[in-house]
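Q: Sharing upload28.csv here; it has CSV, C-alpha atoms.
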```csv
chain,number,residue,atom,x,y,z
R,1,MET,CA,19.7,-12.2,-27.5
R,2,LYS,CA,16.2,-13.4,-28.0
R,3,TYR,CA,13.1,-12.6,-26.0
R,4,VAL,CA,9.7,-14.4,-25.7
R,5,LYS,CA,6.7,-13.3,-23.5
R,6,LYS,CA,3.9,-15.7,-22.6
R,7,ASP,CA,0.7,-14.6,-20.8
R,8,LEU,CA,-0.2,-17.6,-18.7
R,9,GLY,CA,-3.2,-16.0,-17.1
R,10,ALA,CA,-2.1,-16.1,-13.5
R,11,TYR,CA,1.3,-14.5,-14.4
R,12,LYS,CA,3.4,-13.4,-17.4
R,13,LEU,CA,6.4,-15.5,-18.2
R,14,HIS,CA,9.4,-13.7,-19.8
R,15,LEU,CA,12.1,-15.8,-21.3
R,16,ILE,CA,15.4,-14.2,-22.4
R,17,LYS,CA,18.0,-16.3,-24.2
R,18,THR,CA,21.6,-15.2,-24.2
R,19,THR,CA,24.9,-17.0,-24.2
R,20,ASN,CA,26.8,-14.2,-22.5
R,21,PHE,CA,26.5,-15.7,-18.9
R,22,LYS,CA,27.3,-19.0,-17.2
R,23,THR,CA,24.4,-18.5,-14.8
R,24,ILE,CA,20.7,-18.5,-15.2
R,25,LYS,CA,18.8,-15.9,-13.2
R,26,ILE,CA,15.1,-16.2,-12.3
R,27,ARG,CA,13.2,-13.2,-11.0
R,28,VAL,CA,9.7,-13.6,-9.5
R,29,SER,CA,8.0,-10.2,-9.3
R,30,PHE,CA,4.8,-9.3,-7.3
R,31,ARG,CA,3.3,-5.8,-7.5
R,32,SER,CA,0.2,-4.1,-6.2
R,33,PRO,CA,-0.9,-0.5,-5.7
R,34,ILE,CA,1.2,1.1,-3.0
R,35,VAL,CA,-0.4,1.7,0.4
R,36,LYS,CA,1.7,3.7,2.8
R,37,GLU,CA,0.5,1.8,5.9
R,38,GLU,CA,1.5,-1.5,4.3
R,39,ILE,CA,5.1,-0.6,3.3
R,40,THR,CA,6.7,-1.7,6.6
R,41,LEU,CA,4.7,-4.9,6.5
R,42,ARG,CA,5.9,-5.7,3.0
R,43,ASN,CA,9.5,-5.0,3.9
R,44,VAL,CA,9.3,-7.4,6.9
R,45,LEU,CA,7.7,-10.0,4.7
R,46,CYS,CA,10.3,-9.6,2.0
R,47,SER,CA,13.1,-10.2,4.5
R,48,LEU,CA,11.3,-13.1,6.2
R,49,LEU,CA,10.7,-15.1,3.0
R,50,THR,CA,14.4,-15.4,2.4
R,51,LEU,CA,15.2,-16.3,6.0
R,52,SER,CA,13.7,-19.8,6.0
R,53,THR,CA,11.0,-22.1,4.5
R,54,LYS,CA,8.9,-24.9,5.8
R,55,LYS,CA,11.5,-27.4,4.5
R,56,TYR,CA,14.6,-25.3,5.3
R,57,GLN,CA,13.7,-23.8,8.7
R,58,THR,CA,16.8,-21.7,9.4
R,59,LYS,CA,19.0,-19.3,7.4
R,60,ARG,CA,21.8,-21.8,7.8
R,61,ASP,CA,19.6,-24.5,6.2
R,62,LEU,CA,18.9,-22.2,3.3
R,63,ILE,CA,22.6,-21.5,2.8
R,64,ILE,CA,23.5,-25.2,2.9
R,65,LYS,CA,20.8,-26.0,0.3
R,66,GLY,CA,22.1,-23.2,-1.9
R,67,GLN,CA,25.6,-24.7,-1.7
R,68,ASP,CA,24.2,-28.1,-2.6
R,69,LEU,CA,22.9,-26.5,-5.7
R,70,TYR,CA,26.4,-25.4,-6.7
R,71,ALA,CA,26.3,-22.0,-4.9
R,72,ALA,CA,22.8,-21.0,-6.0
R,73,THR,CA,21.8,-17.7,-4.3
R,74,ILE,CA,18.4,-16.4,-3.2
R,75,SER,CA,17.7,-12.7,-2.5
R,76,SER,CA,14.8,-10.3,-2.3
R,77,SER,CA,14.0,-6.6,-2.5
R,78,ASN,CA,11.2,-4.1,-2.5
R,79,SER,CA,10.9,-1.0,-4.7
R,80,ARG,CA,8.3,1.4,-5.9
R,81,ILE,CA,7.4,1.6,-9.6
R,82,GLY,CA,5.2,4.7,-9.9
R,83,ASN,CA,1.9,3.9,-8.3
R,84,TYR,CA,2.9,0.3,-7.4
R,85,ILE,CA,5.0,-1.4,-4.8
R,86,ASN,CA,7.1,-4.2,-6.3
R,87,THR,CA,8.6,-7.2,-4.6
R,88,ASP,CA,11.3,-9.3,-6.3
R,89,ILE,CA,12.5,-12.7,-5.2
R,90,LEU,CA,15.6,-13.7,-7.2
R,91,LEU,CA,17.5,-16.9,-7.8
R,92,THR,CA,20.9,-17.2,-9.5
R,93,VAL,CA,22.2,-20.6,-10.4
R,94,LEU,CA,24.9,-22.0,-12.7
R,95,HIS,CA,23.8,-23.6,-15.9
R,96,ASP,CA,23.5,-27.3,-15.9
R,97,LYS,CA,26.4,-27.7,-18.3
R,98,TYR,CA,28.7,-26.3,-15.6
R,99,THR,CA,27.2,-28.4,-12.8
R,100,GLU,CA,25.1,-31.5,-13.5
R,101,GLU,CA,21.9,-32.5,-15.3
R,102,GLY,CA,18.8,-31.5,-13.4
R,103,ASN,CA,20.5,-28.9,-11.2
R,104,PHE,CA,18.4,-26.0,-12.7
R,105,LYS,CA,15.2,-27.9,-12.1
R,106,SER,CA,16.2,-28.5,-8.5
R,107,ALA,CA,17.0,-24.8,-8.1
R,108,LEU,CA,13.5,-23.9,-9.4
R,109,ASP,CA,12.0,-26.2,-6.8
R,110,PHE,CA,14.0,-24.4,-4.2
R,111,LEU,CA,12.8,-21.0,-5.4
R,112,TYR,CA,9.2,-22.3,-5.3
R,113,ASP,CA,9.7,-23.3,-1.7
R,114,VAL,CA,10.9,-19.8,-0.8
R,115,VAL,CA,7.9,-18.2,-2.5
R,116,TYR,CA,5.1,-20.6,-1.8
R,117,ASP,CA,6.0,-22.7,1.2
R,118,PRO,CA,7.3,-20.3,3.9
R,119,ASN,CA,8.0,-21.2,7.5
R,120,VAL,CA,4.4,-21.1,8.6
R,121,ASP,CA,2.7,-23.0,11.5
R,122,GLY,CA,-1.0,-23.1,10.9
R,123,ASN,CA,-2.0,-19.5,10.2
R,124,HIS,CA,1.1,-17.6,11.4
R,125,PHE,CA,4.8,-17.2,10.6
R,126,ASN,CA,7.5,-18.4,12.9
R,127,GLU,CA,7.5,-16.0,15.9
R,128,GLU,CA,11.2,-16.1,16.8
R,129,GLN,CA,12.3,-15.4,13.2
R,130,LEU,CA,9.7,-12.6,12.9
R,131,GLU,CA,11.2,-10.9,15.9
R,132,ILE,CA,14.7,-11.1,14.5
R,133,VAL,CA,13.5,-9.4,11.3
R,134,LYS,CA,11.6,-6.7,13.2
R,135,ARG,CA,14.7,-5.9,15.3
R,136,ASN,CA,16.9,-5.6,12.2
R,137,ALA,CA,14.2,-3.4,10.6
R,138,LYS,CA,14.1,-1.2,13.6
R,139,THR,CA,17.8,-0.8,13.7
R,140,SER,CA,17.9,0.1,10.1
R,141,LEU,CA,15.1,2.7,10.4
R,142,GLU,CA,16.7,4.3,13.4
R,143,SER,CA,19.8,4.9,11.4
R,144,LEU,CA,18.2,6.5,8.3
R,145,LYS,CA,19.6,9.9,9.0
R,146,GLU,CA,23.2,8.5,9.0
R,147,ASP,CA,23.0,8.4,5.2
R,148,ALA,CA,22.4,12.1,4.8
R,149,SER,CA,22.2,11.9,1.0
R,150,TYR,CA,19.5,9.3,1.1
R,151,TYR,CA,17.6,11.0,3.9
R,152,SER,CA,17.6,14.4,2.1
R,153,LEU,CA,16.0,12.7,-0.9
R,154,LEU,CA,13.3,11.2,1.3
R,155,ARG,CA,12.6,14.6,2.8
R,156,LEU,CA,12.5,16.3,-0.6
R,157,TYR,CA,9.8,13.9,-1.7
R,158,GLU,CA,7.8,14.4,1.4
R,159,ASN,CA,8.0,18.2,0.9
R,160,MET,CA,7.0,18.0,-2.7
R,161,GLU,CA,3.9,15.8,-1.9
R,162,GLU,CA,2.5,15.4,1.6
R,163,GLU,CA,0.4,12.4,0.6
R,164,GLY,CA,0.6,9.9,-2.2
R,165,PRO,CA,3.1,7.5,-3.6
R,166,LEU,CA,5.9,10.0,-4.1
R,167,SER,CA,6.0,10.8,-0.3
R,168,CYS,CA,6.1,7.1,0.7
R,169,ARG,CA,9.3,6.0,2.4
R,170,MET,CA,10.2,2.7,0.9
R,171,ALA,CA,12.4,2.0,3.9
R,172,GLY,CA,9.2,1.8,5.9
R,173,TYR,CA,8.1,3.5,9.2
R,174,ILE,CA,9.3,2.6,12.6
R,175,GLU,CA,5.9,3.4,14.2
R,176,ASP,CA,4.3,0.6,12.1
R,177,LEU,CA,6.6,-2.1,13.3
R,178,ASP,CA,4.9,-2.8,16.6
R,179,ALA,CA,1.6,-3.6,14.9
R,180,ILE,CA,3.1,-6.4,12.8
R,181,ASP,CA,2.5,-9.9,14.3
R,182,SER,CA,2.9,-13.3,12.9
R,183,LYS,CA,-0.9,-13.6,12.0
R,184,ASN,CA,-1.5,-10.4,10.2
R,185,LEU,CA,1.8,-10.8,8.4
R,186,TYR,CA,0.7,-14.2,7.2
R,187,GLN,CA,-2.7,-12.8,6.1
R,188,TYR,CA,-0.8,-10.1,4.1
R,189,TYR,CA,1.4,-12.7,2.6
R,190,LYS,CA,-1.7,-14.6,1.3
R,191,ASN,CA,-3.2,-11.5,-0.1
R,192,MET,CA,0.1,-10.8,-2.0
R,193,ILE,CA,0.3,-14.3,-3.4
R,194,ASN,CA,-3.4,-14.4,-4.4
R,195,LYS,CA,-4.0,-10.8,-5.6
R,196,ASP,CA,-0.8,-9.2,-6.7
R,197,LEU,CA,0.1,-9.0,-10.4
R,198,MET,CA,2.9,-11.4,-11.1
R,199,ASP,CA,5.8,-11.8,-13.6
R,200,ILE,CA,8.5,-14.5,-13.9
R,201,PHE,CA,11.7,-13.7,-15.7
R,202,VAL,CA,14.2,-16.3,-16.8
R,203,ILE,CA,17.5,-15.2,-18.4
R,204,GLY,CA,20.4,-17.4,-19.6
R,205,ASP,CA,21.4,-19.9,-22.2
R,206,ILE,CA,18.0,-21.6,-22.1
R,207,ASP,CA,15.7,-23.5,-24.4
R,208,PHE,CA,12.4,-21.6,-24.6
R,209,HIS,CA,10.0,-24.6,-24.8
R,210,GLU,CA,11.8,-26.7,-22.2
R,211,THR,CA,12.0,-23.8,-19.7
R,212,GLU,CA,8.4,-22.8,-20.2
R,213,GLU,CA,7.2,-26.3,-19.5
R,214,MET,CA,9.4,-26.5,-16.5
R,215,ILE,CA,8.1,-23.2,-15.1
R,216,LYS,CA,4.5,-24.2,-15.7
R,217,SER,CA,5.0,-27.5,-14.0
R,218,ILE,CA,6.5,-25.9,-10.9
R,219,PHE,CA,4.6,-22.6,-10.6
R,220,ARG,CA,1.1,-23.9,-10.9
R,221,THR,CA,-0.8,-20.9,-9.6
R,222,LYS,CA,-4.1,-20.4,-11.4
R,223,THR,CA,-5.4,-17.2,-9.8
R,224,PHE,CA,-6.1,-14.5,-12.5
R,225,LYS,CA,-5.5,-10.9,-11.7
R,226,LYS,CA,-6.3,-7.5,-13.3
R,227,GLN,CA,-4.3,-4.3,-13.3
R,228,LYS,CA,-6.0,-1.7,-11.2
R,229,LEU,CA,-4.4,1.5,-12.3
R,230,GLY,CA,-1.6,2.9,-14.4
R,231,TYR,CA,2.0,3.1,-13.4
R,232,TYR,CA,2.7,6.9,-14.0
R,233,LEU,CA,1.9,9.2,-11.1
R,234,GLU,CA,-0.6,11.9,-11.7
R,235,GLU,CA,1.1,15.1,-12.9
R,236,LYS,CA,1.1,17.9,-10.3
R,237,LYS,CA,1.3,21.6,-11.1
R,238,PRO,CA,4.6,23.1,-10.1
R,239,ARG,CA,4.7,25.9,-7.6
R,240,LYS,CA,4.9,29.4,-9.0
R,241,HIS,CA,7.9,30.1,-6.8
R,242,ILE,CA,10.4,27.5,-5.7
R,243,ARG,CA,9.8,26.4,-2.1
R,244,THR,CA,13.0,26.1,0.0
R,245,VAL,CA,13.0,23.9,3.1
R,246,MET,CA,15.9,23.9,5.6
R,247,GLU,CA,16.6,21.3,8.3
R,248,GLN,CA,19.7,20.9,10.5
R,249,GLU,CA,21.7,17.8,11.2
R,250,VAL,CA,25.0,17.1,12.8
R,251,ASN,CA,27.2,16.6,9.8
R,252,ASN,CA,30.3,18.0,8.1
R,253,GLN,CA,28.5,18.5,4.8
R,254,SER,CA,25.1,19.8,3.8
R,255,LYS,CA,23.0,17.9,1.4
R,256,LEU,CA,20.9,19.7,-1.2
R,257,ALA,CA,18.1,18.0,-3.1
R,258,ILE,CA,16.0,19.9,-5.7
R,259,GLY,CA,12.8,18.6,-7.3
R,260,ALA,CA,11.5,19.8,-10.6
R,261,ARG,CA,8.1,18.9,-12.2
R,262,LEU,CA,7.8,17.4,-15.7
R,263,CYS,CA,4.8,19.2,-17.3
R,264,ASN,CA,2.8,17.8,-20.2
R,265,LEU,CA,5.6,15.8,-21.8
R,266,THR,CA,4.6,13.5,-24.7
R,267,LYS,CA,5.6,9.9,-24.5
R,268,TYR,CA,8.3,10.5,-27.1
R,269,GLU,CA,9.7,13.5,-25.1
R,270,ARG,CA,9.7,11.4,-21.9
R,271,ASP,CA,11.4,8.4,-23.5
R,272,TYR,CA,14.0,10.2,-25.6
R,273,PRO,CA,14.8,14.0,-25.5
R,274,LEU,CA,14.3,14.0,-21.7
R,275,THR,CA,17.1,11.5,-21.3
R,276,LEU,CA,19.6,13.6,-23.4
R,277,TYR,CA,18.5,16.8,-21.7
R,278,ASN,CA,19.4,15.2,-18.3
R,279,VAL,CA,22.8,14.0,-19.6
R,280,ILE,CA,23.7,17.5,-20.8
R,281,LEU,CA,22.4,19.2,-17.7
R,282,GLY,CA,23.7,17.1,-14.9
R,283,SER,CA,24.7,13.5,-15.6
R,284,GLY,CA,28.5,13.0,-15.6
R,285,PRO,CA,31.7,15.0,-15.7
R,286,ASP,CA,30.8,16.7,-19.0
R,287,SER,CA,27.5,18.1,-17.8
R,288,LYS,CA,26.7,21.7,-17.4
R,289,LEU,CA,26.1,21.4,-13.6
R,290,PHE,CA,29.4,19.6,-13.1
R,291,ARG,CA,31.4,22.1,-15.1
R,292,GLU,CA,29.7,25.3,-14.0
R,293,VAL,CA,28.6,24.6,-10.4
R,294,ARG,CA,31.4,22.3,-9.2
R,295,GLU,CA,34.4,23.0,-11.4
R,296,LYS,CA,34.1,26.7,-12.3
R,297,HIS,CA,32.5,28.1,-9.2
R,298,SER,CA,33.5,25.4,-6.6
R,299,LEU,CA,30.2,25.5,-4.9
R,300,CYS,CA,29.8,21.8,-4.3
R,301,TYR,CA,31.7,18.6,-3.8
R,302,THR,CA,29.3,16.5,-5.9
R,303,ILE,CA,26.3,17.3,-8.1
R,304,ASN,CA,24.2,15.3,-10.5
R,305,SER,CA,20.6,15.1,-11.9
R,306,VAL,CA,18.3,12.2,-12.7
R,307,PRO,CA,14.8,12.1,-14.2
R,308,ASN,CA,12.2,9.9,-12.6
R,309,LYS,CA,9.9,9.4,-15.5
R,310,LEU,CA,7.2,7.4,-13.7
R,311,ASP,CA,6.9,10.1,-11.0
R,312,ASN,CA,7.0,13.0,-13.5
R,313,ILE,CA,9.9,14.7,-11.7
R,314,LEU,CA,13.6,15.5,-12.2
R,315,VAL,CA,15.9,15.5,-9.1
R,316,ILE,CA,19.1,17.4,-8.7
R,317,ARG,CA,21.4,16.4,-5.7
R,318,ALA,CA,24.5,18.1,-4.4
R,319,GLY,CA,26.9,17.9,-1.5
R,320,ILE,CA,27.7,21.5,-0.5
R,321,ASP,CA,29.0,23.8,2.3
R,322,LYS,CA,26.0,25.4,4.0
R,323,LYS,CA,27.2,28.9,3.1
R,324,ASN,CA,26.8,28.1,-0.6
R,325,ILE,CA,23.2,27.0,-0.5
R,326,LYS,CA,21.6,30.1,-2.1
R,327,LYS,CA,24.3,30.5,-4.7
R,328,THR,CA,24.1,26.8,-5.7
R,329,VAL,CA,20.3,26.9,-6.1
R,330,SER,CA,20.6,30.2,-8.1
R,331,LEU,CA,23.3,28.8,-10.4
R,332,ILE,CA,21.4,25.6,-11.0
R,333,GLN,CA,18.3,27.6,-12.0
R,334,SER,CA,20.4,29.7,-14.4
R,335,GLN,CA,21.8,26.6,-16.1
R,336,MET,CA,18.3,25.2,-16.5
R,337,ASN,CA,17.2,28.6,-18.0
R,338,LEU,CA,20.1,28.4,-20.5
R,339,MET,CA,19.0,25.0,-21.6
R,340,LYS,CA,15.5,26.5,-22.4
R,341,LYS,CA,17.3,29.0,-24.6
R,342,GLY,CA,19.2,26.3,-26.4
R,343,LYS,CA,22.5,27.4,-24.9
R,344,PHE,CA,24.3,24.1,-25.4
R,345,SER,CA,26.5,23.0,-28.2
R,346,ASP,CA,26.4,20.3,-30.9
R,347,LYS,CA,29.3,18.8,-29.1
R,348,ASP,CA,27.2,18.6,-25.9
R,349,LEU,CA,24.5,16.7,-27.8
R,350,THR,CA,27.0,14.3,-29.4
R,351,ILE,CA,28.6,13.5,-26.1
R,352,ALA,CA,25.2,12.9,-24.6
R,353,LYS,CA,24.3,10.5,-27.3
R,354,GLU,CA,27.6,8.7,-26.8
R,355,TYR,CA,27.0,8.5,-23.1
R,356,PHE,CA,23.6,7.0,-23.7
R,357,GLN,CA,25.1,4.4,-26.1
R,358,THR,CA,27.6,3.4,-23.5
R,359,ALA,CA,24.8,3.1,-20.9
R,360,MET,CA,22.8,0.8,-23.2
R,361,ASP,CA,25.9,-1.3,-23.9
R,362,SER,CA,26.5,-1.7,-20.1
R,363,ILE,CA,22.9,-3.1,-19.7
R,364,LEU,CA,24.0,-6.1,-21.7
R,365,GLU,CA,26.7,-6.9,-19.2
R,366,SER,CA,24.2,-7.6,-16.3
R,367,GLN,CA,21.4,-10.1,-16.2
R,368,SER,CA,19.6,-8.0,-13.7
R,369,SER,CA,19.8,-4.9,-15.9
R,370,ILE,CA,18.5,-6.9,-18.9
R,371,ILE,CA,15.6,-8.2,-16.9
R,372,GLU,CA,14.8,-4.7,-15.6
R,373,SER,CA,14.9,-3.3,-19.2
R,374,TYR,CA,12.4,-5.9,-20.4
R,375,TYR,CA,10.2,-5.3,-17.4
R,376,MET,CA,9.9,-1.6,-18.2
R,377,MET,CA,9.2,-2.5,-21.8
R,378,ASP,CA,6.3,-4.5,-20.7
R,379,LEU,CA,5.0,-2.2,-18.0
R,380,VAL,CA,5.2,1.2,-19.6
R,381,GLY,CA,5.7,0.4,-23.3
R,382,LEU,CA,9.4,1.3,-23.7
R,383,ASP,CA,10.8,0.4,-27.1
R,384,ASP,CA,13.3,-2.5,-27.3
R,385,MET,CA,17.0,-1.6,-26.7
R,386,GLU,CA,17.9,-1.5,-30.4
R,387,THR,CA,15.0,0.8,-31.3
R,388,ARG,CA,15.8,3.0,-28.3
R,389,VAL,CA,19.4,3.6,-29.6
R,390,GLU,CA,18.2,4.3,-33.1
R,391,LYS,CA,15.6,6.8,-32.0
R,392,MET,CA,17.9,8.5,-29.5
R,393,MET,CA,20.5,9.1,-32.2
R,394,GLU,CA,17.7,11.0,-34.1
R,395,VAL,CA,16.9,13.5,-31.3
R,396,THR,CA,17.6,17.1,-32.3
R,397,SER,CA,18.6,20.2,-30.3
R,398,ASN,CA,15.1,21.6,-30.8
R,399,ASP,CA,13.6,18.4,-29.3
R,400,ILE,CA,15.7,19.0,-26.2
R,401,ILE,CA,14.8,22.7,-26.0
R,402,LYS,CA,11.0,21.8,-26.1
R,403,VAL,CA,11.5,19.5,-23.2
R,404,ALA,CA,13.6,22.0,-21.2
R,405,LYS,CA,10.7,24.4,-21.4
R,406,LYS,CA,8.4,21.8,-19.8
R,407,ILE,CA,10.6,21.3,-16.7
R,408,LYS,CA,9.7,23.6,-13.7
R,409,LEU,CA,11.6,23.9,-10.4
R,410,ASP,CA,9.3,23.1,-7.5
R,411,THR,CA,11.1,22.4,-4.2
R,412,ALA,CA,14.6,22.7,-2.8
R,413,TYR,CA,15.3,20.8,0.4
R,414,CYS,CA,18.6,21.2,2.3
R,415,LEU,CA,19.8,19.1,5.2
R,416,GLU,CA,22.1,21.6,6.7
R,417,GLY,CA,25.3,20.3,8.3
R,418,VAL,CA,26.0,22.1,11.5
R,419,LYS,CA,29.4,20.7,12.4
R,420,GLU,CA,31.6,22.3,9.8
```
Translate the structure described by the file into C-alpha cells.

A:
Amino acid sequence: MKYVKKDLGAYKLHLIKTTNFKTIKIRVSFRSPIVKEEITLRNVLCSLLTLSTKKYQTKRDLIIKGQDLYAATISSSNSRIGNYINTDILLTVLHDKYTEEGNFKSALDFLYDVVYDPNVDGNHFNEEQLEIVKRNAKTSLESLKEDASYYSLLRLYENMEEEGPLSCRMAGYIEDLDAIDSKNLYQYYKNMINKDLMDIFVIGDIDFHETEEMIKSIFRTKTFKKQKLGYYLEEKKPRKHIRTVMEQEVNNQSKLAIGARLCNLTKYERDYPLTLYNVILGSGPDSKLFREVREKHSLCYTINSVPNKLDNILVIRAGIDKKNIKKTVSLIQSQMNLMKKGKFSDKDLTIAKEYFQTAMDSILESQSSIIESYYMMDLVGLDDMETRVEKMMEVTSNDIIKVAKKIKLDTAYCLEGVKE
C-alpha cells in the first residue's frame, strides 16, 4: 500500500494505492468548529444532499444513475472529531477494469453533482424534499430513548459537561427542526462549501498522477481555508468524588455509563500505553472488567471500556440489573485501582499487544477504515500503521502504570430500568 498527500490549497488530496479491493472509494470530508445550534441543520443538509441533485431530482433518479455506473453507491454521514463537526460524502465504484473505460471518471462527475450541484431553485432547496428529511429527522429524534445504550452515553456526556463539544448531541435536537427552512439551509450549505476545511480521499488500485489530474479537473474549487483551532478538547479537572446520576426509563435492563478524565497524558502515552491499558482493563473477553465484573461476580450482562483520546476521556459501559448499580461501580473502581498498582500480568500485556496487532490487521480489510486511519494521521499526527505496531510492541508495564495513575473517575450515569 502506498500513500501520497497533496495540499492543493483549497483542499488536501489523499491518494492511497492498494490492489486488495475491486472497488475505488472516494470520500469528500468537510469540517468546521462545532456549534451546538447548527448540528440539526447540518444533519438535515447531510441527508438532503444524497436525496437528489439538480440533474437527478429524485432519490429514484439517483439510484438509477448509480446503477448505470455499475452499482456505484453514494452515502453521507456526520460525526464529531474533537472540537469539529465532520461531514463525509462517499462514493464507492467498481474499478474500470471490471466495468468499462471511463466509468470511474463518470462516477467522479456524479459525486461532484451531489456535492456541488444540489437540487436548488434560486436561493433555496426543494421544499417538498426538505419536509421529507425533516419528518424523518423528527421521527428519529423522538425515538432516541429506544436505544437505551446510546441514550445513556449521551446523558453521560451531558452530565460530564453542561456546555461544550462533549455535551453536543450529534443526533441533533428536535426543538431546532422547526427553524430550518429551505433558504437558511441553503445559506448554511454555501457557508460549508466556501468556509469548511476540506479533504478528498481516493483509495483503490489507482495511478497517482492520473487520479490527481482527474480530481483537479473536476473539483475545481479555489477557496483557501485556515484551521481555526485544535482538535483535542480542553482538559477538564476531574471531580474529587465521582458524581452519580440516576434516571428512570421503562426497560428490562439498566444501562450504566461511567466517564473518567485523562489527566496530563503525553502524546506518547495517549497514542500507545493508553491503548493497551484499555485493552487490559475493559476491551474484550480477556479484560479485567469482563473477567471480574461479569464472569466472576455476575453483576452485568455486558461491559466494555473505550478511550476517546480527542475528548480526553475514557468511557466504561455496562448493561446491568438495577440492584447491582452500586456494586458494579465499586468493583470497576477497584479494578482501576489495581491497574494503578500494576496488578496485571505479563500475559495480560502480551494478550493486549496481540489484540492490537489483530485490530491493525483488520483495518487493512476495509477501505473506509484505511481512509479513517490516514485521516487521523493527518489531523492529529498519529504515526503510520507500521510504526504504530512497532512502538506498541515496545510499551512496558511501567508505561501502562503511569497512564493508569492519570485516569480519574468523574461521572457515573445510570438509566435505570423500571420494568424488571

Q: Please list as an MDAnalysis selection string every residue within 12 Å of R:Ser254, counting only C-alpha atoms and excluding residues in the same chain fewer than 4 positions away.

A: chainID R and resid 147:149 151:152 246:250 299:302 317:325 328 413:420

Q: With a distance cut-off of 12 Å and all atoms listed in the file, select the neighbouring residues of R:Asp121, excluding the residue or stretch itself and same-chain residues fewer than 5 positions from it, and output the selection as a list of chain:residue names.

A: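 Counting only the stated atoms, we get R:Thr53, R:Lys54, R:Gln57, R:Asn126, R:Glu127, R:Ser182, R:Lys183, R:Tyr186.
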
Q: Excluding stretch 171-181 of chain R and residues on its chain fewer than 4 positions from it, collect all residues at most 7 Å away from it, counting all atoms listed in the file, and give them as a VMD selection string.

A: chain R and resid 39 to 41 134 138 141 185

Q: Restricting the calculation to all atoms listed in the file: of R:Leu144, R:Leu153, R:Leu108, R:Ile401, which residue gets closest to R:Lys216?

A: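 Answer, going by the shortest atom-to-atom distance: R:Leu108.
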
Q: Could you tell me how far atom CA of R:Ser32 sits from atom CA of R:Glu235, in Å to one decimal place?

A: 20.4 Å

Q: From the options R:Lys6, R:Lys195, R:Arg80, R:Lys326, which residue's atoms come nearest to R:Asn43, counting all atoms listed in the file?

A: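 Closest residue, counting all atoms listed in the file: R:Arg80.
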
Q: Please report the interatomic distance between atom CA of R:Phe344 and atom CA of R:Asn308 in Å with one decimal.

A: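 Atom CA of R:Asn308 lies at a distance of 22.6 Å from atom CA of R:Phe344.
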
Q: Suppose you want the space between atom CA of R:Leu281 and atom CA of R:Gln253; what is it in Å?

A: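 About the pair atom CA of R:Leu281 and atom CA of R:Gln253: they are 23.3 Å apart.
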
Q: Find, counting all atoms listed in the file, the residue in R:Gly66, R:Gly102, R:Gly282, R:Pro165 that gets nearest to R:Pro33.

A: R:Pro165

Q: Show me a table, sorted first by chain and then by increasing residue number, of the residues of stretch 10-75 of chain R having an atom at most 9 Å from stretch 188-193 of chain R, each with its shortest atom pair and the distance in Å to one decimal, counting all atoms listed in the file and written as JSON lines.

A:
```
{"residue": "R:Phe30", "atom": "CA", "partner": "R:Met192", "partner_atom": "CA", "distance": 7.2}
{"residue": "R:Arg31", "atom": "CA", "partner": "R:Met192", "partner_atom": "CA", "distance": 8.1}
{"residue": "R:Ser32", "atom": "CA", "partner": "R:Met192", "partner_atom": "CA", "distance": 7.9}
{"residue": "R:Glu38", "atom": "CA", "partner": "R:Tyr188", "partner_atom": "CA", "distance": 8.9}
{"residue": "R:Leu41", "atom": "CA", "partner": "R:Tyr188", "partner_atom": "CA", "distance": 7.9}
{"residue": "R:Arg42", "atom": "CA", "partner": "R:Tyr188", "partner_atom": "CA", "distance": 8.1}
{"residue": "R:Leu45", "atom": "CA", "partner": "R:Tyr189", "partner_atom": "CA", "distance": 7.2}
```

Q: For the point (9.7, 7.0, -13.3) in the file's frame, write as number ranges by chain all residues with an atom no more than 9 Å away, counting only C-alpha atoms.

A: R: 81-82, 231-233, 307-313

Q: Residues at most 7 Å from R:Ile316, counting all atoms listed in the file, excluding those fewer than 5 positions away in the same chain, as a PDB file with C-alpha atoms, in the frame of the given file?

A:
```pdb
ATOM      1  CA  ALA R 257      18.100  18.000  -3.100  1.00  0.00           C
ATOM      2  CA  ILE R 258      16.000  19.900  -5.700  1.00  0.00           C
ATOM      3  CA  GLY R 259      12.800  18.600  -7.300  1.00  0.00           C
ATOM      4  CA  ASN R 304      24.200  15.300 -10.500  1.00  0.00           C
ATOM      5  CA  SER R 305      20.600  15.100 -11.900  1.00  0.00           C
ATOM      6  CA  VAL R 306      18.300  12.200 -12.700  1.00  0.00           C
TER       7      VAL R 306
END
```

Q: Kindly indicate which residue among R:Asp410, R:Asp7, R:Asp383, R:Asp346 lies nearest to R:Lys240, using all atoms listed in the file for the distances.

A: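 Counting all atoms listed in the file, the residue closest to R:Lys240 is R:Asp410.
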
Q: Residues within 8 Å of stretch 274-276 of chain R, please, as a ChimeraX atom specification. Count all atoms listed in the file; anything in the same chain fewer than 5 positions from it doesn't count.

A: /R:269,307,349,352-353,356,400,403

Q: Show me as a list in words the residues that reach within 10 Å of (10.9, -21.9, -24.8), counting all atoms listed in the file and using the file's own coordinates.

A: Tyr3, Val4, Lys5, Lys6, His14, Leu15, Ile16, Lys17, Ile206, Asp207, Phe208, His209, Glu210, Thr211, Glu212, Glu213 and Met214 of chain R

Q: Counting only C-alpha atoms, figure out which residue out of R:Leu256, R:Leu265, R:Arg291, R:Val114 gets nearest to R:Tyr150.

A: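 Among the listed residues, the smallest separation from R:Tyr150 belongs to R:Leu256.
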
Q: Take stretch 52-63 of chain R from the block and save it with C-alpha atoms, as a PDB file, in the first residue's frame.

A:
```pdb
ATOM      1  CA  SER R  52     -31.317  14.437  -5.104  1.00  0.00           C
ATOM      2  CA  THR R  53     -29.296  16.859  -7.258  1.00  0.00           C
ATOM      3  CA  LYS R  54     -30.181  19.461  -9.861  1.00  0.00           C
ATOM      4  CA  LYS R  55     -29.647  16.848 -12.577  1.00  0.00           C
ATOM      5  CA  TYR R  56     -31.108  13.873 -10.697  1.00  0.00           C
ATOM      6  CA  GLN R  57     -34.107  15.397  -8.935  1.00  0.00           C
ATOM      7  CA  THR R  58     -35.439  12.380  -7.050  1.00  0.00           C
ATOM      8  CA  LYS R  59     -33.955   9.595  -4.975  1.00  0.00           C
ATOM      9  CA  ARG R  60     -35.082   7.196  -7.698  1.00  0.00           C
ATOM     10  CA  ASP R  61     -33.110   9.181 -10.292  1.00  0.00           C
ATOM     11  CA  LEU R  62     -30.008   8.982  -8.091  1.00  0.00           C
ATOM     12  CA  ILE R  63     -30.377   5.229  -7.673  1.00  0.00           C
TER      13      ILE R  63
END
```
